[in-house]
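Trainee: There's a structure below that I have some questions on.
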There are 2 protein chains.
Amino acid sequence: MVAIAVIGSGAVGSYYGAMLARAGHKVHFLMRRDFDAVRAQGLDIRSHRGDFRIDDVGCFRSSEEIGPVDWVLCALKTTALSQARELVAPCIGPDTRLLALMNGLGVEEQFATWLPPASVFGGMAFVCINRGAPGVVHHLDYGRVTIGHLEDDPGALDDLRSLLEGAGIEVAVAPNLRRARWEKLCWNIPFNGLSAAAGGVGTAAILGHEGLRAMAERAMREVVLVANADLAALGLASLLDEETTVAAMFAQTATMGDYQTSMTIDFRRGQPMEVESILHAPLLRARELGLDVPMMSALYALVDAADGRREGH
Amino acid sequence: MVAIAVIGSGAVGSYYGAMLARAGHKVHFLMRRDFDAVRAQGLDIRSHRGDFRIDDVGCFRSSEEIGPVDWVLCALKTTALSQARELVAPCIGPDTRLLALMNGLGVEEQFATWLPPASVFGGMAFVCINRGAPGVVHHLDYGRVTIGHLEDDPGALDDLRSLLEGAGIEVAVAPNLRRARWEKLCWNIPFNGLSAAAGGVGTAAILGHEGLRAMAERAMREVVLVANADLAALGLASLLDEETTVAAMFAQTATMGDYQTSMTIDFRRGQPMEVESILHAPLLRARELGLDVPMMSALYALVDAADGRREGH
C-alpha cells in the first residue's frame with residue numbers, strides 16, 4: 001500500500017486518485033469545491049469502462065493535514081502553478097516522489113527548482129473527462145497516461161508504471177519527457193489555442209473550416225520546428241518531421257468528433273485558461289531559440305487577450 | 001440642382017445625403033428601417049460641426065419610385081453587395097454616374113461589370129458616425145471623403161469634387177483609385193480584422209496589447225506587400241514602403257482613442273460583418289499573385305468563422 005496525495009481534485013485528479021484508491025492505496029485528496037459532498041457521499045466515478053464508487057474517501061481541506069506521502073499526484077490546473085509549491089510542500093518527505101499530471105511546457109522544471117530533479121515525474125493524460133455534480137466524475141473516453149522522468153532515468157519509471165498499471169490505468173512510457181511534452185504540444189497549441197481564439201469552438205469546427213484548419217496546420221508546423229530546435233539544443237532526439245506529424249495528428253483529430261478542448265470549455269465558462277503553460281512558455285522558448293513563429297504568437301496573443309477580458313482588464 | 005439617389009441609408013448614406021440635400025440638391029433616399037420615422041419627422045443630423053435637420057426628405061421604399069438620377073450615391077454595406085445591382089439599376093439613366101461609398105477591394109469593379117467604367121467612382125469616407133434612433137444620425141468626428149475614378153481620368157473627378165465641396169464636404173482627390181483603396185485597406189485589414197478576431201475590441205485594446213499590436217503590424221506589412229505587388233502588376237505607382245506606412249498608420253491610430261471599428265460594432269451587435277470586401281477579396285488577390293500572407297489568412301479565417309457562427313452555420 002502506497003500513500004498518495006492528490007493535489008488538485010478536479011476531474012483528472014479525482015479520476016486517477018479514485019482508481020488508485022480502488023486498488024487499495026491510501027489516497028488523500030486535497031479538496032475544495034467538492035469537500036462536503038465527497039465526505040458525505042463519497043466519490044462517484046461514472047465511466048464507460050464501468051462505474052464505481054469510493055465510499056470512504058480521505059479528503060482534506062489543507063495539505064498540512066495530509067503530511068508527507070510516498071507519491072504526490074499533482075493535478076492542479078497550470079493557472080494555479082504559482083500556488084503549487086505551497087500546496088505540495090507539506091506532503092513532501094525525504095523520499096517523496098511527485099507526478100505532475102498537468103499541461104504544457106516547463107511544469108516539471110518548476111517543481112525541480114525546489115525538489116530533487118530525480119524525484120520529479122511528468123504525466124500526460126489522454127482522457128476525456130468532466131466533473132459533474134459535486135463528487136461525481138464523468139469519464140467519457142480514453143484514459144492512457146504517458147509518463148516520463150525529468151532526468152530520463154529509465155529505471156526510475158518502473159515504480160510509477162507498476163503503481164499506475166496495478167490500479168488498472170493504461171500506461172505508456174516516454175523515454176524522454178521533454179520530447180513527450182512537445183509531442184503533446186504539437187496538438188495542444190493549435191487545437192486548444194484555436195478553439196479559444198476562434199471563440200470557443202470544438203475540433204470539428206476547426207477541421208471543417210478551411211481557413212481555421214490552415215491556421216491549425218501552420219501552427220502545428222511551427223511547433224514541430226520549435227520542438228526540434230529545442231530538442232537539438234538539449235542534445236535530444238528530434239520529433240518526427242512536419243509532414244508526418246501533421247498528417248498523423250490531423251487524422252487522429254478527425255476521429256474525435258467535435259471534441260471540446262479544455263480551453264474551449266474554460267472559454268465558454270469564463271474560467272481562467274491555461275495560457276501560460278500551453279501557449280506562452282513554448283513561445284518564449286521559440287524566441288530564445290531565435291525562431292519566428294507568427295501563428296504561435298497570434299494564438300497566444302488572441303487567447304491571452306480573451307483571458308484578460310475575462311479578468312476585466 | 002443635381003438629382004441624387006442615396007442607395008443605402010445607413011449612417012454614412014444618410015449623413016452625406018443630408019449634407020447634399022441641405023445644399024439644395026434633390027436627394028432621394030432609399031430607406032428601409034427609418035422610412036416611417038424620416039417621413040414623419042425628417043432627418044436629424046447631430047454633428048460636432050453643428051446640428052441640422054432636413055424636414056422634407058424625399059424618402060422611398062423602392063428604387064423604381066426614384067427612377068433615373070444624375071448621381072447615385074451607393075452607401076450599401078458590402079454584405080449587401082450582391083443586391084447592389086438590383087437596388088441601383090432603376091436609378092441609372094444614360095448619363096448617370098455612380099459614387100460607391102463603400103469599404104474594401106473590388107466594389108467599383110463589380111459595378112463596372114454592368115455600368116460603363118467611365119461612370120463609376122469610388123469614395124472612402126474617413127468619418128466617425130453612428131445611427132441613433134430612427135431618423136437620427138450622430139456625427140462624431142472627421143468627415144473627409146477621398147474620391148477616385150475607376151479609370152483614373154483626372155478631369156472626370158471635377159464634377160464630383162464640386163458637388164461634394166459645394167455641400168460643405170471635405171474632399172481629397174486620389175489620382176489612382178486602386179492605390180487609394182489599398183491605402184485604406186492597410187488600416188482596415190489589421191484593425192477591422194483584429195477588432196473582430198479578438199472578440200469585439202477597440203483600437204486601444206489592440207495597441208495596448210503587445211501580442212495583438214504585433215499581429216496588427218504583421219498584417220499591415222502583408223497588406224503593403226500585396227498592395228505593391230498588385231499595383232506593380234497593374235503598372236501603377238506603389239504605396240509607400242512598409243516602415244513608413246506602419247509608422248504613420250500606428251501613429252494616427254494612437255490619436256483615435258479607443259475607436260470602435262465597423263467590424264467591432266457589427267461583431268458586438270451580432271450583425272453581418274464586411275468580411276468579403278475587406279478581408280477576403282484582398283486575400284484572394286494575394287493568392288492570385290502567389291504571395292503567402294499568413295496573418296491576412298488568419299484574420300479572414302477567424303472573422304469568417306465568427307460571422308458564420310452568427311448565422312448559426
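Naming works like this for the C-alpha cells: A, B, ... for the chains as they're shown, residue 1 at the start of each chain, ligands 1 onward in shown order.
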Using only C-alpha atoms, what table do you get, as a tab-separated table, when you list each residue of chain A with an atom no more than 9 Å from chain B, its nearest pair of atoms, and their distance in Å rounded to one decimal, rows by chain then rising number?
Mentor:
```
residue	atom	partner	partner_atom	distance
A:Ala197	CA	B:Ala198	CA	7.5
A:Ala198	CA	B:Leu302	CA	5.8
A:Gly199	CA	B:Gly199	CA	7.4
A:Ala205	CA	B:Ala305	CA	8.7
A:His209	CA	B:Ala305	CA	7.4
A:Glu210	CA	B:Ala301	CA	7.7
A:Gly211	CA	B:Ala301	CA	4.5
A:Leu212	CA	B:Ala301	CA	5.5
A:Arg213	CA	B:Ala301	CA	8.9
A:Ala214	CA	B:Ala298	CA	8.4
A:Met215	CA	B:Ala298	CA	6.3
A:Arg218	CA	B:Pro294	CA	8.5
A:Pro294	CA	B:Met295	CA	7.8
A:Met295	CA	B:Pro294	CA	7.8
A:Ser297	CA	B:Gly211	CA	6.9
A:Ala298	CA	B:Met215	CA	6.3
A:Tyr300	CA	B:Gly211	CA	7.5
A:Ala301	CA	B:Gly211	CA	4.5
A:Leu302	CA	B:Ala198	CA	5.8
A:Val303	CA	B:Ala198	CA	8.3
A:Asp304	CA	B:Gly211	CA	8.5
A:Ala305	CA	B:Ala198	CA	7.2
A:Ala306	CA	B:Ala198	CA	7.1
```
Trainee: Need the shell around Gly143 (chain A): protein/DNA/RNA residues with any atom at most 9 Å away, counting only C-alpha atoms. Skip same-chain ones fewer than 4 positions apart. Format as a ChimeraX atom specification?
Mentor: /A:125-129,139,169-171
Trainee: For CA of Trp182 (chain B) and CA of Gly257 (chain B), determine how far apart the two atoms are, in Å to one decimal place.
Mentor: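 Computing it gives 23.6 Å between the two atoms.
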Trainee: Mind dumping a table of every region 66-162 of chain A residue within 9 Å of region 260-283 of chain A, with the nearest atom pair and its distance in Å to one decimal, using only C-alpha atoms, sorted by chain and rising number, as JSON lines?
Mentor:
```
{"residue": "A:Lys77", "atom": "CA", "partner": "A:Glu274", "partner_atom": "CA", "distance": 7.2}
{"residue": "A:Thr78", "atom": "CA", "partner": "A:Glu274", "partner_atom": "CA", "distance": 5.9}
{"residue": "A:Thr79", "atom": "CA", "partner": "A:Glu274", "partner_atom": "CA", "distance": 5.5}
{"residue": "A:Asn103", "atom": "CA", "partner": "A:Ile278", "partner_atom": "CA", "distance": 6.6}
{"residue": "A:Gly104", "atom": "CA", "partner": "A:Ile278", "partner_atom": "CA", "distance": 4.4}
{"residue": "A:Leu105", "atom": "CA", "partner": "A:Ser277", "partner_atom": "CA", "distance": 5.5}
{"residue": "A:Gly106", "atom": "CA", "partner": "A:Ala281", "partner_atom": "CA", "distance": 7.2}
{"residue": "A:Val107", "atom": "CA", "partner": "A:Ser277", "partner_atom": "CA", "distance": 7.5}
```
Trainee: Which parts of region 108-249 of chain B does DSSP call strand (DSSP E) when run on the backbone here, written out as an mmCIF file with C-alpha atoms, in the first residue's frame?
Mentor:
```cif
data_model
loop_
_atom_site.group_PDB
_atom_site.id
_atom_site.type_symbol
_atom_site.label_atom_id
_atom_site.label_comp_id
_atom_site.auth_asym_id
_atom_site.auth_seq_id
_atom_site.Cartn_x
_atom_site.Cartn_y
_atom_site.Cartn_z
ATOM 1 C CA VAL B 120 -18.054 54.648 -61.822
ATOM 2 C CA PHE B 121 -16.385 56.472 -58.943
ATOM 3 C CA GLY B 122 -15.227 55.335 -55.566
ATOM 4 C CA GLY B 123 -15.287 57.150 -52.277
ATOM 5 C CA MET B 124 -13.610 56.434 -48.973
ATOM 6 C CA ALA B 125 -15.199 58.232 -46.068
ATOM 7 C CA PHE B 126 -12.980 58.966 -43.096
ATOM 8 C CA VAL B 127 -15.738 59.653 -40.641
ATOM 9 C CA CYS B 128 -16.883 58.562 -37.199
ATOM 10 C CA ILE B 129 -20.602 58.257 -37.458
ATOM 11 C CA ASN B 130 -23.440 56.169 -35.956
ATOM 12 C CA ARG B 131 -27.127 55.759 -36.423
ATOM 13 C CA VAL B 136 -31.201 60.420 -36.171
ATOM 14 C CA VAL B 137 -27.526 60.317 -37.178
ATOM 15 C CA HIS B 138 -24.729 61.081 -34.744
ATOM 16 C CA HIS B 139 -21.705 62.564 -36.482
ATOM 17 C CA LEU B 140 -18.871 62.280 -34.002
ATOM 18 C CA ASP B 141 -15.708 63.213 -35.826
ATOM 19 C CA TYR B 142 -13.914 63.701 -39.152
ATOM 20 C CA GLY B 143 -15.858 63.641 -42.411
ATOM 21 C CA ARG B 144 -13.379 63.792 -45.300
ATOM 22 C CA VAL B 145 -14.187 61.792 -48.406
ATOM 23 C CA THR B 146 -11.367 60.649 -50.660
ATOM 24 C CA ILE B 147 -12.668 60.232 -54.187
ATOM 25 C CA GLY B 148 -11.262 58.420 -57.183
ATOM 26 C CA HIS B 149 -12.366 57.493 -60.663
ATOM 27 C CA VAL B 171 -12.790 66.205 -50.329
ATOM 28 C CA ALA B 172 -9.442 64.661 -51.152
ATOM 29 C CA VAL B 173 -8.778 63.560 -54.705
#
```
Trainee: For Asp95 (chain B), list every protein, DNA or RNA residue within 12 Å, evaluated using only C-alpha atoms, and leave out those in the same chain fewer than 4 positions away; present the list as a PyMOL selection string.
Mentor: chain B and resi 3+68-72+91+115-116+118-120
Trainee: Please dump the current selection as a PDB file, in the first residue's frame; keep all heavy atoms.
Mentor:
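As a result, result.pdb now contains:
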```
ATOM      1  N   ALA B   3     -29.859  65.865 -59.272  1.00  0.00           N
ATOM      2  CA  ALA B   3     -30.731  64.810 -58.738  1.00  0.00           C
ATOM      3  C   ALA B   3     -29.868  63.642 -58.280  1.00  0.00           C
ATOM      4  O   ALA B   3     -29.045  63.119 -59.047  1.00  0.00           O
ATOM      5  CB  ALA B   3     -31.721  64.339 -59.808  1.00  0.00           C
ATOM      6  N   PRO B  68     -34.343  57.283 -62.733  1.00  0.00           N
ATOM      7  CA  PRO B  68     -33.009  57.760 -63.109  1.00  0.00           C
ATOM      8  C   PRO B  68     -32.661  59.117 -62.500  1.00  0.00           C
ATOM      9  O   PRO B  68     -33.510  59.995 -62.399  1.00  0.00           O
ATOM     10  CB  PRO B  68     -33.098  57.860 -64.642  1.00  0.00           C
ATOM     11  CG  PRO B  68     -34.165  56.905 -65.027  1.00  0.00           C
ATOM     12  CD  PRO B  68     -35.178  56.980 -63.913  1.00  0.00           C
ATOM     13  N   VAL B  69     -31.402  59.226 -62.091  1.00  0.00           N
ATOM     14  CA  VAL B  69     -30.888  60.448 -61.461  1.00  0.00           C
ATOM     15  C   VAL B  69     -29.563  60.837 -62.101  1.00  0.00           C
ATOM     16  O   VAL B  69     -29.027  60.093 -62.939  1.00  0.00           O
ATOM     17  CB  VAL B  69     -30.669  60.243 -59.942  1.00  0.00           C
ATOM     18  CG1 VAL B  69     -31.997  60.048 -59.216  1.00  0.00           C
ATOM     19  CG2 VAL B  69     -29.739  59.058 -59.689  1.00  0.00           C
ATOM     20  N   ASP B  70     -29.020  61.981 -61.688  1.00  0.00           N
ATOM     21  CA  ASP B  70     -27.691  62.389 -62.168  1.00  0.00           C
ATOM     22  C   ASP B  70     -26.580  61.589 -61.486  1.00  0.00           C
ATOM     23  O   ASP B  70     -25.647  61.125 -62.127  1.00  0.00           O
ATOM     24  CB  ASP B  70     -27.488  63.885 -61.903  1.00  0.00           C
ATOM     25  CG  ASP B  70     -28.514  64.739 -62.628  1.00  0.00           C
ATOM     26  OD1 ASP B  70     -28.715  64.508 -63.833  1.00  0.00           O
ATOM     27  OD2 ASP B  70     -29.128  65.603 -61.972  1.00  0.00           O
ATOM     28  N   TRP B  71     -26.732  61.459 -60.170  1.00  0.00           N
ATOM     29  CA  TRP B  71     -25.715  60.748 -59.395  1.00  0.00           C
ATOM     30  C   TRP B  71     -26.374  59.725 -58.468  1.00  0.00           C
ATOM     31  O   TRP B  71     -27.323  60.067 -57.753  1.00  0.00           O
ATOM     32  CB  TRP B  71     -24.925  61.711 -58.498  1.00  0.00           C
ATOM     33  CG  TRP B  71     -23.804  62.419 -59.208  1.00  0.00           C
ATOM     34  CD1 TRP B  71     -23.864  63.640 -59.794  1.00  0.00           C
ATOM     35  CD2 TRP B  71     -22.481  61.922 -59.388  1.00  0.00           C
ATOM     36  NE1 TRP B  71     -22.649  63.969 -60.345  1.00  0.00           N
ATOM     37  CE2 TRP B  71     -21.766  62.924 -60.108  1.00  0.00           C
ATOM     38  CE3 TRP B  71     -21.803  60.748 -59.039  1.00  0.00           C
ATOM     39  CZ2 TRP B  71     -20.433  62.787 -60.468  1.00  0.00           C
ATOM     40  CZ3 TRP B  71     -20.465  60.611 -59.391  1.00  0.00           C
ATOM     41  CH2 TRP B  71     -19.791  61.616 -60.107  1.00  0.00           C
ATOM     42  N   VAL B  72     -25.833  58.518 -58.475  1.00  0.00           N
ATOM     43  CA  VAL B  72     -26.189  57.543 -57.450  1.00  0.00           C
ATOM     44  C   VAL B  72     -25.080  57.558 -56.408  1.00  0.00           C
ATOM     45  O   VAL B  72     -23.897  57.424 -56.756  1.00  0.00           O
ATOM     46  CB  VAL B  72     -26.339  56.124 -58.017  1.00  0.00           C
ATOM     47  CG1 VAL B  72     -26.475  55.099 -56.885  1.00  0.00           C
ATOM     48  CG2 VAL B  72     -27.532  56.042 -58.954  1.00  0.00           C
ATOM     49  N   CYS B  91     -32.203  53.411 -60.934  1.00  0.00           N
ATOM     50  CA  CYS B  91     -31.829  54.831 -60.843  1.00  0.00           C
ATOM     51  C   CYS B  91     -30.853  55.242 -61.947  1.00  0.00           C
ATOM     52  O   CYS B  91     -30.371  56.384 -61.968  1.00  0.00           O
ATOM     53  CB  CYS B  91     -31.205  55.144 -59.489  1.00  0.00           C
ATOM     54  SG  CYS B  91     -32.301  54.731 -58.122  1.00  0.00           S
ATOM     55  N   LEU B 115     -22.098  48.649 -65.559  1.00  0.00           N
ATOM     56  CA  LEU B 115     -22.185  50.083 -65.833  1.00  0.00           C
ATOM     57  C   LEU B 115     -20.946  50.485 -66.635  1.00  0.00           C
ATOM     58  O   LEU B 115     -19.908  49.848 -66.527  1.00  0.00           O
ATOM     59  CB  LEU B 115     -22.193  50.880 -64.517  1.00  0.00           C
ATOM     60  CG  LEU B 115     -23.460  50.875 -63.676  1.00  0.00           C
ATOM     61  CD1 LEU B 115     -23.205  51.554 -62.339  1.00  0.00           C
ATOM     62  CD2 LEU B 115     -24.591  51.580 -64.422  1.00  0.00           C
ATOM     63  N   PRO B 116     -21.013  51.554 -67.434  1.00  0.00           N
ATOM     64  CA  PRO B 116     -19.800  51.996 -68.135  1.00  0.00           C
ATOM     65  C   PRO B 116     -18.734  52.379 -67.109  1.00  0.00           C
ATOM     66  O   PRO B 116     -19.012  53.180 -66.206  1.00  0.00           O
ATOM     67  CB  PRO B 116     -20.280  53.238 -68.905  1.00  0.00           C
ATOM     68  CG  PRO B 116     -21.768  53.159 -68.928  1.00  0.00           C
ATOM     69  CD  PRO B 116     -22.181  52.391 -67.704  1.00  0.00           C
ATOM     70  N   ALA B 118     -16.416  54.379 -67.129  1.00  0.00           N
ATOM     71  CA  ALA B 118     -16.172  55.826 -67.028  1.00  0.00           C
ATOM     72  C   ALA B 118     -17.163  56.504 -66.101  1.00  0.00           C
ATOM     73  O   ALA B 118     -16.923  57.624 -65.630  1.00  0.00           O
ATOM     74  CB  ALA B 118     -16.237  56.460 -68.419  1.00  0.00           C
ATOM     75  N   SER B 119     -18.286  55.825 -65.805  1.00  0.00           N
ATOM     76  CA  SER B 119     -19.304  56.447 -64.948  1.00  0.00           C
ATOM     77  C   SER B 119     -19.197  56.004 -63.494  1.00  0.00           C
ATOM     78  O   SER B 119     -20.041  56.350 -62.671  1.00  0.00           O
ATOM     79  CB  SER B 119     -20.703  56.109 -65.478  1.00  0.00           C
ATOM     80  OG  SER B 119     -21.002  54.744 -65.231  1.00  0.00           O
ATOM     81  N   VAL B 120     -18.162  55.218 -63.176  1.00  0.00           N
ATOM     82  CA  VAL B 120     -18.054  54.648 -61.822  1.00  0.00           C
ATOM     83  C   VAL B 120     -16.950  55.347 -61.033  1.00  0.00           C
ATOM     84  O   VAL B 120     -15.804  55.438 -61.488  1.00  0.00           O
ATOM     85  CB  VAL B 120     -17.791  53.129 -61.878  1.00  0.00           C
ATOM     86  CG1 VAL B 120     -17.610  52.565 -60.472  1.00  0.00           C
ATOM     87  CG2 VAL B 120     -18.931  52.411 -62.597  1.00  0.00           C
TER      88      VAL B 120
END
```
Trainee: So that I can see what lies close to region 42-58 of chain B, please list as number ranges by chain the residues with an atom at most 10 Å from it, counting only C-alpha atoms and leaving out residues fewer than 4 positions away in the same chain.
Mentor: B: 5, 11, 14-15, 17-19, 21-22, 26-31, 34-38, 66, 129, 131-143
Trainee: Take the selection from the previous step and output its residues with C-alpha atoms, as a JSON list (two decimals), in the first residue's frame.
Mentor:
```json
[["chain", "number", "residue", "atom", "x", "y", "z"],
["B", 5, "ALA", "CA", -30.27, 58.83, -55.27],
["B", 11, "ALA", "CA", -25.28, 56.41, -41.13],
["B", 14, "SER", "CA", -27.90, 59.48, -44.52],
["B", 15, "TYR", "CA", -25.21, 61.88, -43.37],
["B", 17, "GLY", "CA", -27.17, 62.66, -48.37],
["B", 18, "ALA", "CA", -28.39, 65.14, -45.80],
["B", 19, "MET", "CA", -25.39, 67.40, -46.49],
["B", 21, "ALA", "CA", -29.95, 68.00, -49.50],
["B", 22, "ARG", "CA", -29.07, 70.91, -47.26],
["B", 26, "LYS", "CA", -32.84, 66.94, -54.96],
["B", 27, "VAL", "CA", -31.86, 63.94, -52.87],
["B", 28, "HIS", "CA", -33.88, 60.71, -52.94],
["B", 29, "PHE", "CA", -33.19, 58.28, -50.12],
["B", 30, "LEU", "CA", -33.92, 54.59, -50.47],
["B", 31, "MET", "CA", -34.92, 53.75, -46.90],
["B", 34, "ASP", "CA", -36.06, 54.53, -40.90],
["B", 35, "PHE", "CA", -38.67, 55.18, -43.61],
["B", 36, "ASP", "CA", -41.62, 55.93, -41.35],
["B", 37, "ALA", "CA", -39.65, 58.00, -38.86],
["B", 38, "VAL", "CA", -37.95, 60.10, -41.54],
["B", 66, "ILE", "CA", -36.88, 57.10, -57.56],
["B", 129, "ILE", "CA", -20.60, 58.26, -37.46],
["B", 131, "ARG", "CA", -27.13, 55.76, -36.42],
["B", 132, "GLY", "CA", -29.15, 56.71, -33.37],
["B", 133, "ALA", "CA", -32.90, 56.43, -33.02],
["B", 134, "PRO", "CA", -34.73, 56.14, -36.37],
["B", 135, "GLY", "CA", -34.12, 59.31, -38.36],
["B", 136, "VAL", "CA", -31.20, 60.42, -36.17],
["B", 137, "VAL", "CA", -27.53, 60.32, -37.18],
["B", 138, "HIS", "CA", -24.73, 61.08, -34.74],
["B", 139, "HIS", "CA", -21.71, 62.56, -36.48],
["B", 140, "LEU", "CA", -18.87, 62.28, -34.00],
["B", 141, "ASP", "CA", -15.71, 63.21, -35.83],
["B", 142, "TYR", "CA", -13.91, 63.70, -39.15],
["B", 143, "GLY", "CA", -15.86, 63.64, -42.41]]
```
Trainee: Let me make sure I understand: among B:Met102, B:Ala247, B:Ala286, B:Leu231, which one has the smallest atom-to-atom distance to Leu73 (chain B) if we use only C-alpha atoms?
Mentor: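 Checking each of B:Met102, B:Ala247, B:Ala286, B:Leu231 against Leu73 (chain B), counting only C-alpha atoms, the winner is B:Met102.
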Trainee: Assign secondary structure with DSSP using the backbone only, and return the residues of region 65-160 of chain A in helix (DSSP H, G or I) as a ChimeraX atom specification.
Mentor: /A:65-66,78-91,107-111,117-119,154-160
Trainee: Can you list, as a PDB file with N, CA and C atoms, in the first residue's frame, every protein, DNA or RNA residue that comes within 9 Å of Leu291 (chain B) when you count only C-alpha atoms, leaving out same-chain residues fewer than 5 positions away?
Mentor:
```pdb
ATOM      1  N   LEU B 225       2.723  44.615 -48.815  1.00  0.00           N
ATOM      2  CA  LEU B 225       3.363  43.709 -49.784  1.00  0.00           C
ATOM      3  C   LEU B 225       2.413  43.359 -50.924  1.00  0.00           C
ATOM      4  N   VAL B 226       1.192  42.984 -50.561  1.00  0.00           N
ATOM      5  CA  VAL B 226       0.209  42.594 -51.578  1.00  0.00           C
ATOM      6  C   VAL B 226      -0.177  43.811 -52.422  1.00  0.00           C
ATOM      7  N   ALA B 229       2.514  44.612 -54.903  1.00  0.00           N
ATOM      8  CA  ALA B 229       2.553  43.607 -55.975  1.00  0.00           C
ATOM      9  C   ALA B 229       1.375  43.804 -56.924  1.00  0.00           C
ATOM     10  N   ARG B 285      -6.684  38.158 -53.889  1.00  0.00           N
ATOM     11  CA  ARG B 285      -5.732  38.820 -54.780  1.00  0.00           C
ATOM     12  C   ARG B 285      -4.300  38.419 -54.421  1.00  0.00           C
ATOM     13  N   ALA B 286      -4.012  38.326 -53.123  1.00  0.00           N
ATOM     14  CA  ALA B 286      -2.675  37.876 -52.695  1.00  0.00           C
ATOM     15  C   ALA B 286      -2.384  36.487 -53.246  1.00  0.00           C
TER      16      ALA B 286
END
```
